[in-house]
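Only one structure is covered here, and it is reproduced in the block below.
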Amino acid sequence: MLNKLREHTPIQMTLGLLMGICFGFLLQKGGVTHYGIIMGQLLLSDWTVVTVMLSAVVTGMIGIYLLRIPSLVRLHKKSGSFGSTVIGGLIFGIGFALLGYCPGTVAGAVGQGSLDALLGGVLGMLLGTAIYSILYDRLERKILHVGEFGKITLPQLLGVGPWPVILSSTAAILLFMIILELAGI
């Protein structure tokens, strides 16, 4: 049954849209679609964005691996490289620095009616995508495959199962969030 669901494109598109709407709603409710909060994060004076994202990391790690037990989800690892990570980080960072939104918060801010996100964010993403596609062949030949590390996960890199990594990462993240809370940050 799950394989039929996975192969049914209209259902997958509908599920993707619904999950995106839920994600945007939760970003907005978490306050991370507000320009002032994002700028506070960039200035290291408001840690709302970090705590929301770290909460999502913990939830995602645990949820995905629990859903793997009854084979409700499959991981689709992608290969990576230092070159592609640097280029992606630069594109993300430039957009974030210029506008104060990341792609997820742009969508949430557009949903709440922020014109700066609609005009600057959506148009900026389209312009950035166009520039990247124009430069793609050159980037692929010279940069994107530099330092290729393949389709490896952190547990594979460390030579352990996923649960030691998930549990230790979760403990470290929760400790960091507690420290932020106790420090009043």
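Ordering of the structure tokens sets the chain letters (A, B, ...), residue numbers begin anew at 1 in every chain, and ligands are numbered from 1 in the order given.
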Backbone-only DSSP, alpha helix (DSSP H) members of chain A, as a ChimeraX atom specification: /A:2-7,9-29,35-42,48-68,82-99,103-111,115-116,123-142,154-158,162-183
Contacts of A:Leu98 at 10 Å or less, counting only C-alpha atoms, minus same-chain residues fewer than 5 places along, as an NGL selection string? :A and (93 or 120-121 or 124)
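Relative to atom CA of A:Lys77, atom CA of A:Gly150 is found at 9.1 Å.
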Please determine, counting only C-alpha atoms, which residue among A:Gly159, A:Phe149, A:Val165, A:Met13 has the shortest atom-to-atom distance to A:Ser84. A:Phe149
Which residues are close to A:Leu27, i.e. within 12 Å by only C-alpha atoms, leaving aside same-chain residues fewer than 4 positions away? Reply as a PyMOL selection string. chain A and resi 20-23+31-34+37-38+48-53+55-56+101-112
Please produce a file of the residues just selected, as a compact mmCIF listing (two decimals), in the first residue's frame, where the atoms kept are C-alpha atoms.
# COMPACT_ATOMS: atom_id res chain seq x y z
CA GLY A 20 4.46 22.93 3.52
CA ILE A 21 1.42 24.81 4.78
CA CYS A 22 1.81 23.17 8.21
CA PHE A 23 5.52 24.00 8.23
CA GLY A 31 7.82 33.71 15.59
CA VAL A 32 10.64 33.00 13.17
CA THR A 33 8.94 34.69 10.21
CA HIS A 34 9.26 38.11 11.85
CA ILE A 37 13.48 38.07 15.40
CA ILE A 38 15.60 36.98 12.45
CA THR A 48 14.35 32.03 18.97
CA VAL A 49 15.35 30.86 15.49
CA VAL A 50 18.04 28.52 16.83
CA THR A 51 15.75 26.98 19.43
CA VAL A 52 12.95 26.44 16.89
CA MET A 53 15.34 24.87 14.37
CA SER A 55 13.66 21.51 18.18
CA ALA A 56 12.87 20.57 14.57
CA TYR A 101 14.93 35.59 5.52
CA CYS A 102 15.81 32.02 4.62
CA PRO A 103 13.68 30.15 2.06
CA GLY A 104 11.44 28.63 4.74
CA THR A 105 10.87 31.87 6.61
CA VAL A 106 10.27 33.71 3.31
CA ALA A 107 7.38 31.35 2.56
CA GLY A 108 5.98 31.76 6.07
CA ALA A 109 6.35 35.55 5.95
CA VAL A 110 4.63 35.69 2.53
CA GLY A 111 1.81 33.65 4.06
CA GLN A 112 1.40 36.20 6.84
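Nearest residue to A:Thr59 among A:Leu135, A:Ile179, A:Ala172, A:Ile166 is A:Ile166, counting only C-alpha atoms.
Proximity of A:Phe92, A:Ala183, A:Val57, A:Met177 to A:Thr129, computed with only C-alpha atoms, is greatest for A:Phe92.
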Please indicate the distance in Å from atom CA of A:Lys78 to atom CA of A:Glu140, rounded to one decimal place. 15.9 Å
Quick one: residues within 9 Å of A:His145, only C-alpha atoms, excluding same-chain residues fewer than 5 positions away - as a PyMOL selection string? chain A and resi 80-84+139-140
Just-selected residues, C-alpha atoms written as a CSV table (one decimal), in the first residue's frame:
chain,number,residue,atom,x,y,z
A,80,GLY,CA,27.8,15.7,-1.0
A,81,SER,CA,31.0,17.6,-1.3
A,82,PHE,CA,32.7,20.5,0.3
A,83,GLY,CA,32.5,22.5,-2.9
A,84,SER,CA,28.8,22.2,-3.2
A,139,LEU,CA,30.4,25.4,-11.3
A,140,GLU,CA,29.9,21.7,-11.8
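Distances to A:Ile87 were evaluated for A:Tyr132, A:Trp47, A:Tyr65, A:Tyr35 using only C-alpha atoms, and the minimum falls at A:Tyr132.
Separating atom CA of A:Asp116 from atom CA of A:Phe96 is a distance of 12.8 Å.
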From stretch 2-184 of chain A, collect each residue whose DSSP state is strand (DSSP E) and return the set as a PyMOL selection string. chain A and resi 80-81+148-150
Saved selection, atoms kept: C-alpha atoms, as a PDB file, in the first residue's frame:
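The resulting file, part-v4.pdb, is shown below:
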ATOM      1  CA  GLY A  80      27.786  15.676  -0.991  1.00  0.00           C
ATOM      2  CA  SER A  81      30.993  17.614  -1.337  1.00  0.00           C
ATOM      3  CA  GLU A 148      33.372  14.791  -2.667  1.00  0.00           C
ATOM      4  CA  PHE A 149      32.446  12.599   0.297  1.00  0.00           C
ATOM      5  CA  GLY A 150      29.660  10.488  -1.206  1.00  0.00           C
TER       6      GLY A 150
END
